[in-house]
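upload-v8.cif follows (mmCIF, C-alpha atoms and all ligand atoms):
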```cif
data_model
#
loop_
_atom_site.label_atom_id
_atom_site.label_comp_id
_atom_site.auth_asym_id
_atom_site.auth_seq_id
_atom_site.Cartn_x
_atom_site.Cartn_y
_atom_site.Cartn_z
CA MET Z 1 1.29 -17.15 -30.37
CA PHE Z 2 0.85 -19.50 -33.27
CA ARG Z 3 2.48 -22.33 -31.28
CA LYS Z 4 -0.22 -21.94 -28.70
CA ARG Z 5 -2.88 -22.34 -31.35
CA ALA Z 6 -1.04 -25.31 -32.85
CA GLY Z 7 -0.98 -26.83 -29.39
CA VAL Z 8 -4.71 -26.39 -28.97
CA LEU Z 9 -5.28 -27.93 -32.38
CA LEU Z 10 -3.05 -30.86 -31.57
CA THR Z 11 -4.95 -31.50 -28.37
CA ALA Z 12 -8.19 -31.30 -30.31
CA ALA Z 13 -6.85 -33.68 -32.96
CA LEU Z 14 -5.79 -36.16 -30.30
CA LEU Z 15 -9.20 -35.94 -28.67
CA VAL Z 16 -10.91 -36.53 -32.00
CA SER Z 17 -8.76 -39.57 -32.68
CA VAL Z 18 -9.35 -40.96 -29.20
CA LEU Z 19 -13.09 -40.29 -29.20
CA GLY Z 20 -13.47 -41.46 -32.77
CA ALA Z 21 -11.50 -44.64 -32.04
CA CYS Z 22 -10.11 -44.51 -35.54
CA GLY Z 23 -7.54 -47.21 -34.95
CA ASP Z 24 -7.36 -48.03 -38.63
CA ASP Z 25 -5.76 -44.76 -39.52
CA ASP Z 26 -2.47 -45.83 -41.01
CA SER Z 27 -1.99 -42.84 -43.26
CA GLY Z 28 1.08 -41.90 -41.25
CA ASP Z 29 0.00 -38.29 -40.96
CA GLY Z 30 -0.69 -38.74 -37.28
CA GLY Z 31 -3.73 -36.50 -37.48
CA GLY Z 32 -6.43 -39.14 -37.65
CA GLY Z 33 -7.90 -37.62 -40.80
CA GLY Z 34 -5.22 -35.60 -42.52
CA GLY Z 35 -5.49 -32.94 -39.81
CA ASP Z 36 -1.82 -31.98 -39.89
CA LYS Z 37 -1.67 -31.24 -43.60
CA LEU Z 38 -0.92 -27.56 -43.99
CA THR Z 39 -3.87 -25.60 -45.34
CA ILE Z 40 -3.34 -22.25 -47.06
CA GLY Z 41 -6.16 -19.93 -48.02
CA PHE Z 42 -5.07 -17.86 -51.01
CA ALA Z 43 -7.04 -14.83 -52.19
CA GLN Z 44 -5.95 -13.99 -55.73
CA VAL Z 45 -6.56 -10.65 -57.48
CA GLY Z 46 -8.23 -12.13 -60.56
CA ALA Z 47 -7.15 -13.18 -64.04
CA GLU Z 48 -6.44 -9.79 -65.60
CA SER Z 49 -3.13 -10.58 -67.30
CA GLY Z 50 -0.70 -13.21 -68.53
CA TRP Z 51 1.36 -12.47 -65.43
CA ARG Z 52 -1.58 -13.26 -63.16
CA THR Z 53 -2.33 -16.53 -64.97
CA ALA Z 54 1.30 -17.62 -64.58
CA ASN Z 55 1.25 -16.59 -60.92
CA THR Z 56 -1.90 -18.61 -60.20
CA LYS Z 57 -0.40 -21.64 -61.95
CA SER Z 58 2.82 -21.31 -59.96
CA ILE Z 59 0.93 -21.18 -56.66
CA GLN Z 60 -1.36 -24.08 -57.49
CA GLU Z 61 1.43 -26.30 -58.80
CA SER Z 62 3.79 -25.63 -55.93
CA ALA Z 63 1.04 -26.24 -53.37
CA LYS Z 64 0.47 -29.64 -54.96
CA ALA Z 65 4.19 -30.42 -55.04
CA ALA Z 66 4.60 -29.38 -51.39
CA GLY Z 67 1.60 -31.46 -50.23
CA VAL Z 68 -0.24 -28.33 -49.15
CA GLU Z 69 -4.02 -28.09 -49.24
CA LEU Z 70 -4.81 -24.90 -51.13
CA LYS Z 71 -8.10 -23.10 -50.79
CA PHE Z 72 -8.05 -20.75 -53.76
CA SER Z 73 -10.31 -17.77 -54.30
CA ASP Z 74 -10.43 -15.43 -57.33
CA ALA Z 75 -11.58 -11.91 -56.37
CA GLN Z 76 -12.24 -10.80 -59.96
CA GLY Z 77 -10.42 -7.56 -59.34
CA LYS Z 78 -12.60 -6.48 -56.41
CA GLN Z 79 -11.28 -5.66 -52.96
CA GLU Z 80 -14.63 -6.52 -51.33
CA ASN Z 81 -14.39 -10.05 -52.76
CA GLN Z 82 -10.90 -10.46 -51.35
CA ILE Z 83 -12.06 -9.28 -47.93
CA LYS Z 84 -14.93 -11.80 -48.08
CA ALA Z 85 -12.52 -14.58 -49.05
CA ILE Z 86 -10.17 -13.72 -46.17
CA ARG Z 87 -13.08 -13.74 -43.71
CA SER Z 88 -14.16 -17.12 -45.03
CA PHE Z 89 -10.60 -18.47 -44.61
CA ILE Z 90 -10.70 -17.25 -41.00
CA THR Z 91 -14.02 -19.05 -40.42
CA GLN Z 92 -12.61 -22.20 -41.99
CA ARG Z 93 -9.58 -21.87 -39.69
CA VAL Z 94 -6.93 -22.35 -42.36
CA ASP Z 95 -3.33 -22.51 -41.10
CA VAL Z 96 -2.03 -19.60 -43.18
CA ILE Z 97 -3.69 -16.88 -45.24
CA ALA Z 98 -1.86 -15.51 -48.27
CA PHE Z 99 -3.13 -12.89 -50.66
CA SER Z 100 -2.15 -10.44 -53.35
CA PRO Z 101 -3.90 -7.18 -52.44
CA VAL Z 102 -5.90 -5.68 -55.32
CA VAL Z 103 -5.23 -2.19 -53.93
CA GLU Z 104 -2.82 -0.95 -51.28
CA SER Z 105 -5.14 0.58 -48.71
CA GLY Z 106 -8.08 -0.58 -46.60
CA TRP Z 107 -6.80 -3.85 -45.14
CA ASP Z 108 -6.33 -3.11 -41.45
CA THR Z 109 -9.76 -4.27 -40.23
CA VAL Z 110 -9.81 -7.67 -41.90
CA LEU Z 111 -6.15 -8.33 -41.12
CA LYS Z 112 -6.80 -7.54 -37.46
CA GLU Z 113 -9.52 -10.17 -37.56
CA ALA Z 114 -6.98 -12.70 -38.90
CA LYS Z 115 -4.52 -11.66 -36.21
CA ASP Z 116 -7.13 -12.05 -33.46
CA ALA Z 117 -7.87 -15.53 -34.81
CA GLU Z 118 -4.09 -16.20 -34.65
CA ILE Z 119 -3.87 -17.03 -38.33
CA PRO Z 120 -0.63 -15.76 -39.87
CA VAL Z 121 -0.84 -13.73 -43.09
CA ILE Z 122 1.67 -13.59 -45.94
CA LEU Z 123 1.43 -10.83 -48.53
CA THR Z 124 2.18 -12.16 -51.98
CA ASP Z 125 3.27 -10.03 -54.94
CA ARG Z 126 1.75 -6.72 -53.75
CA ALA Z 127 2.23 -4.67 -50.61
CA ILE Z 128 -0.37 -3.00 -48.40
CA ASP Z 129 -0.36 0.55 -47.17
CA SER Z 130 -0.52 0.14 -43.40
CA THR Z 131 1.53 1.44 -40.50
CA ASP Z 132 0.91 -1.77 -38.55
CA GLU Z 133 3.55 -4.24 -39.66
CA SER Z 134 2.33 -6.81 -37.15
CA LEU Z 135 -0.63 -7.51 -39.45
CA TYR Z 136 1.46 -9.77 -41.67
CA GLU Z 137 4.44 -12.09 -41.28
CA SER Z 138 6.15 -11.50 -44.58
CA PHE Z 139 5.82 -9.80 -47.93
CA ILE Z 140 7.19 -11.68 -50.92
CA GLY Z 141 7.41 -9.96 -54.28
CA SER Z 142 9.16 -7.50 -56.56
CA ASP Z 143 10.43 -3.98 -56.03
CA PHE Z 144 7.99 -2.12 -58.30
CA VAL Z 145 9.65 1.28 -57.84
CA LEU Z 146 12.89 -0.24 -59.09
CA GLU Z 147 11.06 -1.72 -62.08
CA GLY Z 148 9.73 1.72 -63.04
CA LYS Z 149 13.20 3.16 -62.58
CA LYS Z 150 14.76 0.57 -64.86
CA ALA Z 151 12.17 1.44 -67.53
CA GLY Z 152 12.94 5.16 -67.23
CA GLU Z 153 16.69 4.69 -67.14
CA TRP Z 154 16.61 2.67 -70.35
CA LEU Z 155 14.68 5.48 -72.06
CA VAL Z 156 17.06 8.17 -70.82
CA GLU Z 157 20.01 6.20 -72.19
CA ASP Z 158 18.25 5.39 -75.47
CA GLU Z 159 17.39 9.04 -76.08
CA LYS Z 160 20.66 10.51 -74.86
CA ASP Z 161 21.74 11.86 -78.26
CA GLU Z 162 18.30 13.15 -79.24
CA PRO Z 163 17.42 16.80 -78.67
CA GLY Z 164 13.80 16.12 -77.66
CA PRO Z 165 11.12 16.79 -76.79
CA VAL Z 166 10.32 13.13 -76.08
CA ASN Z 167 6.54 12.84 -75.80
CA ILE Z 168 5.55 9.96 -73.58
CA VAL Z 169 2.15 8.40 -72.97
CA GLU Z 170 1.69 6.12 -69.98
CA LEU Z 171 -0.75 3.24 -69.45
CA GLN Z 172 -1.09 2.77 -65.72
CA GLY Z 173 -2.11 -0.41 -63.91
CA THR Z 174 -5.19 -0.74 -61.70
CA PRO Z 175 -5.77 2.51 -59.77
CA GLY Z 176 -4.53 2.19 -56.20
CA ALA Z 177 -2.56 -1.04 -56.82
CA ALA Z 178 1.01 -1.10 -55.55
CA PRO Z 179 2.54 -1.93 -58.96
CA ALA Z 180 0.63 0.95 -60.58
CA ASN Z 181 1.62 3.49 -57.94
CA ASP Z 182 5.23 2.36 -57.74
CA ARG Z 183 5.95 1.79 -61.42
CA LYS Z 184 4.64 5.29 -62.11
CA ALA Z 185 6.77 6.81 -59.36
CA GLY Z 186 9.98 4.96 -60.31
CA PHE Z 187 9.68 5.91 -63.97
CA ALA Z 188 8.90 9.58 -63.21
CA ASP Z 189 11.93 9.70 -60.94
CA ALA Z 190 14.27 8.31 -63.59
CA ILE Z 191 13.27 10.82 -66.29
CA LYS Z 192 12.79 13.91 -64.12
CA ALA Z 193 16.32 15.31 -64.44
CA ASP Z 194 15.88 16.13 -68.13
CA PRO Z 195 12.93 18.39 -69.05
CA LYS Z 196 12.92 17.08 -72.63
CA PHE Z 197 11.01 14.04 -71.33
CA LYS Z 198 7.34 14.95 -71.18
CA ILE Z 199 4.53 12.68 -70.04
CA ILE Z 200 1.78 14.12 -72.24
CA ALA Z 201 -0.94 11.66 -71.18
CA SER Z 202 -1.26 9.08 -68.40
CA GLN Z 203 -4.31 6.96 -67.73
CA THR Z 204 -5.23 3.56 -66.34
CA GLY Z 205 -5.56 0.58 -68.65
CA GLN Z 206 -6.49 -1.70 -65.72
CA PHE Z 207 -3.58 -4.08 -66.49
CA THR Z 208 -5.73 -5.62 -69.28
CA ARG Z 209 -5.25 -5.93 -73.02
CA THR Z 210 -8.76 -4.64 -73.80
CA ASP Z 211 -8.39 -1.46 -71.78
CA GLY Z 212 -4.83 -0.95 -72.98
CA LYS Z 213 -6.09 -0.99 -76.55
CA GLN Z 214 -9.03 1.32 -75.88
CA VAL Z 215 -7.04 3.92 -73.97
CA MET Z 216 -4.26 3.89 -76.58
CA GLU Z 217 -6.89 4.58 -79.25
CA THR Z 218 -7.96 7.72 -77.39
CA PHE Z 219 -4.33 8.74 -76.81
CA LEU Z 220 -3.63 8.40 -80.55
CA LYS Z 221 -6.67 10.49 -81.44
CA SER Z 222 -5.81 13.38 -79.14
CA HIS Z 223 -2.01 13.28 -79.54
CA PRO Z 224 -0.60 12.97 -83.05
CA ASP Z 225 2.94 13.37 -81.73
CA ILE Z 226 3.50 10.38 -79.42
CA ASP Z 227 7.15 9.19 -79.33
CA VAL Z 228 7.04 6.66 -76.50
CA LEU Z 229 4.54 4.41 -74.76
CA TYR Z 230 5.33 3.25 -71.23
CA ALA Z 231 2.86 0.53 -70.17
CA HIS Z 232 2.86 -0.82 -66.61
CA ASN Z 233 2.47 -4.37 -67.97
CA ASP Z 234 2.89 -6.41 -71.15
CA ASP Z 235 -0.82 -6.99 -71.66
CA MET Z 236 -1.67 -3.28 -71.88
CA GLY Z 237 1.30 -2.83 -74.21
CA LEU Z 238 0.04 -5.66 -76.41
CA GLY Z 239 -3.43 -4.12 -76.57
CA ALA Z 240 -1.85 -0.76 -77.42
CA ILE Z 241 0.14 -2.37 -80.25
CA GLU Z 242 -3.16 -3.33 -81.90
CA ALA Z 243 -4.37 0.27 -81.61
CA ILE Z 244 -1.09 1.64 -83.00
CA GLU Z 245 -1.16 -0.72 -85.97
CA ALA Z 246 -4.82 0.09 -86.63
CA ALA Z 247 -3.86 3.77 -86.71
CA GLY Z 248 -1.35 2.99 -89.48
CA LYS Z 249 1.75 3.39 -87.32
CA THR Z 250 4.56 0.92 -86.67
CA PRO Z 251 4.95 -0.14 -83.02
CA GLY Z 252 8.58 -0.20 -81.92
CA LYS Z 253 9.57 2.30 -84.64
CA ASP Z 254 7.10 5.20 -84.92
CA ILE Z 255 6.33 4.75 -81.25
CA LYS Z 256 8.88 3.20 -78.90
CA ILE Z 257 7.31 0.81 -76.39
CA ILE Z 258 8.49 -0.09 -72.91
CA THR Z 259 6.57 -2.57 -70.75
CA VAL Z 260 6.92 -4.54 -67.50
CA ASP Z 261 6.46 -8.31 -66.79
CA ALA Z 262 8.19 -10.29 -69.59
CA VAL Z 263 5.52 -12.93 -70.07
CA LYS Z 264 5.69 -15.04 -73.22
CA ASP Z 265 3.43 -12.88 -75.40
CA GLY Z 266 5.29 -9.76 -74.37
CA MET Z 267 8.65 -11.40 -75.02
CA THR Z 268 7.45 -12.56 -78.45
CA ALA Z 269 6.45 -8.99 -79.38
CA LEU Z 270 9.82 -7.81 -78.06
CA SER Z 271 11.69 -10.35 -80.17
CA GLU Z 272 9.75 -9.10 -83.21
CA GLY Z 273 10.77 -5.50 -82.46
CA LYS Z 274 7.21 -4.36 -81.68
CA ILE Z 275 8.23 -3.70 -78.10
CA ASN Z 276 11.66 -2.15 -77.48
CA PHE Z 277 12.39 -2.97 -73.85
CA ILE Z 278 10.82 -5.08 -71.10
CA VAL Z 279 11.52 -4.94 -67.38
CA GLU Z 280 11.07 -8.38 -65.89
CA CYS Z 281 8.68 -9.06 -63.01
CA SER Z 282 8.61 -12.69 -61.95
CA PRO Z 283 5.23 -14.35 -61.28
CA LEU Z 284 6.83 -17.59 -60.09
CA LEU Z 285 6.28 -16.95 -56.40
CA GLY Z 286 4.71 -20.32 -55.56
CA PRO Z 287 7.71 -22.34 -54.28
CA GLN Z 288 8.94 -19.56 -51.97
CA LEU Z 289 5.42 -18.94 -50.71
CA MET Z 290 5.06 -22.60 -49.73
CA ASP Z 291 8.38 -22.49 -47.84
CA LEU Z 292 7.40 -19.30 -46.01
CA ALA Z 293 3.97 -20.69 -45.13
CA LYS Z 294 5.46 -23.88 -43.71
CA THR Z 295 7.93 -21.94 -41.60
CA VAL Z 296 5.37 -19.54 -40.13
CA ALA Z 297 2.93 -22.38 -39.49
CA ASP Z 298 5.68 -24.16 -37.54
CA GLY Z 299 6.16 -21.04 -35.45
CA GLY Z 300 9.48 -20.17 -37.09
CA THR Z 301 10.61 -16.69 -37.99
CA VAL Z 302 10.80 -15.46 -41.56
CA ASP Z 303 12.16 -12.34 -43.24
CA LYS Z 304 9.64 -9.53 -43.26
CA ARG Z 305 10.56 -8.80 -46.88
CA VAL Z 306 11.46 -11.43 -49.45
CA LEU Z 307 12.56 -9.76 -52.66
CA THR Z 308 12.25 -11.37 -56.09
CA GLU Z 309 15.29 -11.26 -58.37
CA GLU Z 310 14.69 -9.81 -61.80
CA THR Z 311 16.37 -8.63 -64.95
CA THR Z 312 15.53 -6.64 -68.10
CA PHE Z 313 15.31 -7.64 -71.77
CA THR Z 314 16.19 -6.11 -75.13
CA PRO Z 315 14.88 -7.68 -78.38
CA GLU Z 316 18.14 -9.66 -78.82
CA GLN Z 317 17.99 -11.00 -75.27
CA ALA Z 318 14.32 -11.92 -75.75
CA LYS Z 319 15.19 -13.99 -78.82
CA GLU Z 320 17.78 -15.88 -76.78
CA VAL Z 321 15.60 -16.77 -73.82
CA LEU Z 322 12.23 -17.24 -75.54
CA PRO Z 323 12.62 -20.94 -76.38
CA GLU Z 324 13.01 -21.80 -72.67
CA ARG Z 325 10.52 -19.28 -71.34
CA LYS Z 326 7.94 -21.18 -69.30
CA TYR Z 327 5.25 -18.55 -69.01
O1 LIG B 401 2.68 -6.79 -63.38
C1 LIG B 401 0.42 -7.28 -63.86
C2 LIG B 401 -0.61 -7.92 -63.03
O2 LIG B 401 0.97 -7.34 -59.31
C3 LIG B 401 3.06 -7.64 -60.31
O3 LIG B 401 -0.35 -7.44 -61.72
C4 LIG B 401 1.60 -7.79 -60.44
C5 LIG B 401 1.00 -7.10 -61.65
C6 LIG B 401 1.58 -7.51 -62.98
O4 LIG B 401 -1.86 -7.80 -63.46
O5 LIG B 401 0.51 -7.86 -65.14
#
```

Would you encode the structure as structure tokens?
Ligand code: GYE
Amino acid sequence: MFRKRAGVLLTAALLVSVLGACGDDDSGDGGGGGGDKLTIGFAQVGAESGWRTANTKSIQESAKAAGVELKFSDAQGKQENQIKAIRSFITQRVDVIAFSPVVESGWDTVLKEAKDAEIPVILTDRAIDSTDESLYESFIGSDFVLEGKKAGEWLVEDEKDEPGPVNIVELQGTPGAAPANDRKAGFADAIKADPKFKIIASQTGQFTRTDGKQVMETFLKSHPDIDVLYAHNDDMGLGAIEAIEAAGKTPGKDIKIITVDAVKDGMTALSEGKINFIVECSPLLGPQLMDLAKTVADGGTVDKRVLTEETTFTPEQAKEVLPERKY
């Protein structure tokens, strides 16, 4: 289908170059005006966390390196803004649309519009909740359920000789976002076999430092007996550390802290023993996204699911890798 559109475009480009008599075009791109440079419209979630900042940088830098024209839009955490951005990319007739869905549901209508316009879509970082897999070409990103599981499994192992109860508070990501839903589910699954693990409070901290701090303050006020904090990202964990210290407690000792992401600030806190364990989630999706976009734009086939490889870190491991950590 896309080949057909490419064919139409090529014919149009040829017509333009003939009609425009632009004989002095020696750029070598053959398009008589840069017409065959791949254009990607990317609708980003926002700038809520260190992870997101690193992800944006990765996408922008790799677009530049790959000679791709990137139309970048920041949705400031709002689904309606992302939908608007996607519609504008359709109107501008970009070659490929990529986006990281703020929430999982509610995408079918706008993605059908992209499909009708024969513009391929690549989901980046987060999945959508739709039964129609034909609405996108590929989904590149992490396995968030597995990340939650790794967090829970570490805790189970770390507490194996303790009688319990182990009182856990949880800071969830943005409500309805795939990483919030899945990291919650994976963690719950890993701890469920032993009733000594009790999630005594669980609330969203919106993936931000400010909200992480605020919610942790309320947790600390209503629960004097918190043993563990599980935060769905580093930033909320870092905000919570401020609240814990302000309450006169020692993060990493009085309250064990587990987070997800492994961005530089998180890894620094881990190396200082303020966080006890981090599950890595890589934001460096740019280079693979460019490759996928080029392939789909050329009419090639790509894997429906491209999984990111990730590890976990203890304080000792954080100390080792921190000097070379790029983000
Ligand atoms: O973990 C969090 C960010 O979707 C994987 O979004 C991403 C998450 C990441 O705000 O820090």

Could you please determine the separation between atom CA of Z:Gly248 and atom CA of Z:Lys221 in Å, to one decimal place? 12.2 Å

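Contacts with ligand LIG 401 (chain B) are defined as any residue atom within 6 Å of a ligand atom, using all atoms listed in the file; the residues meeting this criterion are Glu48, Ser49, Trp51, Arg52, Asp125, Arg126, Pro179, Phe207, Asn233 and Asp261 of chain Z.
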
Filtering to C-alpha atoms, could you give me those residues as a PDB file, in the coordinates of the input?
```pdb
ATOM      1  CA  GLU Z  48      -6.440  -9.790 -65.600  1.00  0.00           C
ATOM      2  CA  SER Z  49      -3.130 -10.580 -67.300  1.00  0.00           C
ATOM      3  CA  TRP Z  51       1.360 -12.470 -65.430  1.00  0.00           C
ATOM      4  CA  ARG Z  52      -1.580 -13.260 -63.160  1.00  0.00           C
ATOM      5  CA  ASP Z 125       3.270 -10.030 -54.940  1.00  0.00           C
ATOM      6  CA  ARG Z 126       1.750  -6.720 -53.750  1.00  0.00           C
ATOM      7  CA  PRO Z 179       2.540  -1.930 -58.960  1.00  0.00           C
ATOM      8  CA  PHE Z 207      -3.580  -4.080 -66.490  1.00  0.00           C
ATOM      9  CA  ASN Z 233       2.470  -4.370 -67.970  1.00  0.00           C
ATOM     10  CA  ASP Z 261       6.460  -8.310 -66.790  1.00  0.00           C
TER      11      ASP Z 261
END
```

As a list in words, please: the residues near stretch 167-173 of chain Z (cut-off 6 Å, only C-alpha atoms, same-chain neighbours under 3 positions excluded).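 So the residues in contact are Ala180, Lys198, Ile199, Ile200, Ala201, Ser202, Gln203, Thr204, Gly205, Gln206, Phe207, Ile226, Asp227, Val228, Leu229, Tyr230, Ala231 and His232 of chain Z.
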
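Between atom CA of Z:Leu285 and atom CA of Z:Phe42 the interatomic distance comes to 12.6 Å.
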
Contact residues around Z:Thr91 with only C-alpha atoms at 12 Å, ignoring same-chain residues under 2 positions, as a PyMOL selection string: chain Z and resi 41+84-89+93-95+97+113-114+117-119

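For Z:Phe313, the list of residues within 10 Å, based on only C-alpha atoms and with local chain neighbours fewer than 4 positions off taken out, reads Z:Val260, Z:Ala262, Z:Met267, Z:Leu270, Z:Ser271, Z:Asn276, Z:Phe277, Z:Ile278, Z:Val279, Z:Glu280, Z:Gln317, Z:Ala318, Z:Lys319, Z:Glu320, Z:Val321.
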
Write the residues of the selection above to a file with C-alpha atoms, as a PDB file, in the coordinates of the input.
```pdb
ATOM      1  CA  VAL Z 260       6.920  -4.540 -67.500  1.00  0.00           C
ATOM      2  CA  ALA Z 262       8.190 -10.290 -69.590  1.00  0.00           C
ATOM      3  CA  MET Z 267       8.650 -11.400 -75.020  1.00  0.00           C
ATOM      4  CA  LEU Z 270       9.820  -7.810 -78.060  1.00  0.00           C
ATOM      5  CA  SER Z 271      11.690 -10.350 -80.170  1.00  0.00           C
ATOM      6  CA  ASN Z 276      11.660  -2.150 -77.480  1.00  0.00           C
ATOM      7  CA  PHE Z 277      12.390  -2.970 -73.850  1.00  0.00           C
ATOM      8  CA  ILE Z 278      10.820  -5.080 -71.100  1.00  0.00           C
ATOM      9  CA  VAL Z 279      11.520  -4.940 -67.380  1.00  0.00           C
ATOM     10  CA  GLU Z 280      11.070  -8.380 -65.890  1.00  0.00           C
ATOM     11  CA  GLN Z 317      17.990 -11.000 -75.270  1.00  0.00           C
ATOM     12  CA  ALA Z 318      14.320 -11.920 -75.750  1.00  0.00           C
ATOM     13  CA  LYS Z 319      15.190 -13.990 -78.820  1.00  0.00           C
ATOM     14  CA  GLU Z 320      17.780 -15.880 -76.780  1.00  0.00           C
ATOM     15  CA  VAL Z 321      15.600 -16.770 -73.820  1.00  0.00           C
TER      16      VAL Z 321
END
```

Would you mind telling me which residue in Z:Glu69, Z:Glu217, Z:Asp161, Z:Glu80 lies nearest to Z:Ala243 when using only C-alpha atoms?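 Among Z:Glu69, Z:Glu217, Z:Asp161, Z:Glu80, it is Z:Glu217 that comes nearest to Z:Ala243.
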
Would you compute the distance between atom CA of Z:Pro120 and atom CA of Z:Gln82? Give it in Å to one decimal.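 We find that atom CA of Z:Pro120 and atom CA of Z:Gln82 lie 16.3 Å from each other.
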
From the list Z:Thr268, Z:Ser138, Z:Ser282, Z:Gln288, the nearest residue to Z:Thr314 using only C-alpha atoms is Z:Thr268

Minimum-distance residue to Z:Thr124, chosen among Z:Gly273, Z:Pro323, Z:Gly141, Z:Gly237 (using all atoms listed in the file):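 The closest residue to Z:Thr124 is Z:Gly141.
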
Show which residues sit within 10 Å of Z:Leu38, as a PyMOL selection string. Count only C-alpha atoms, and ignore same-chain residues fewer than 3 positions away. chain Z and resi 34-35+63+66-70+94-96+290+293-294+297-298
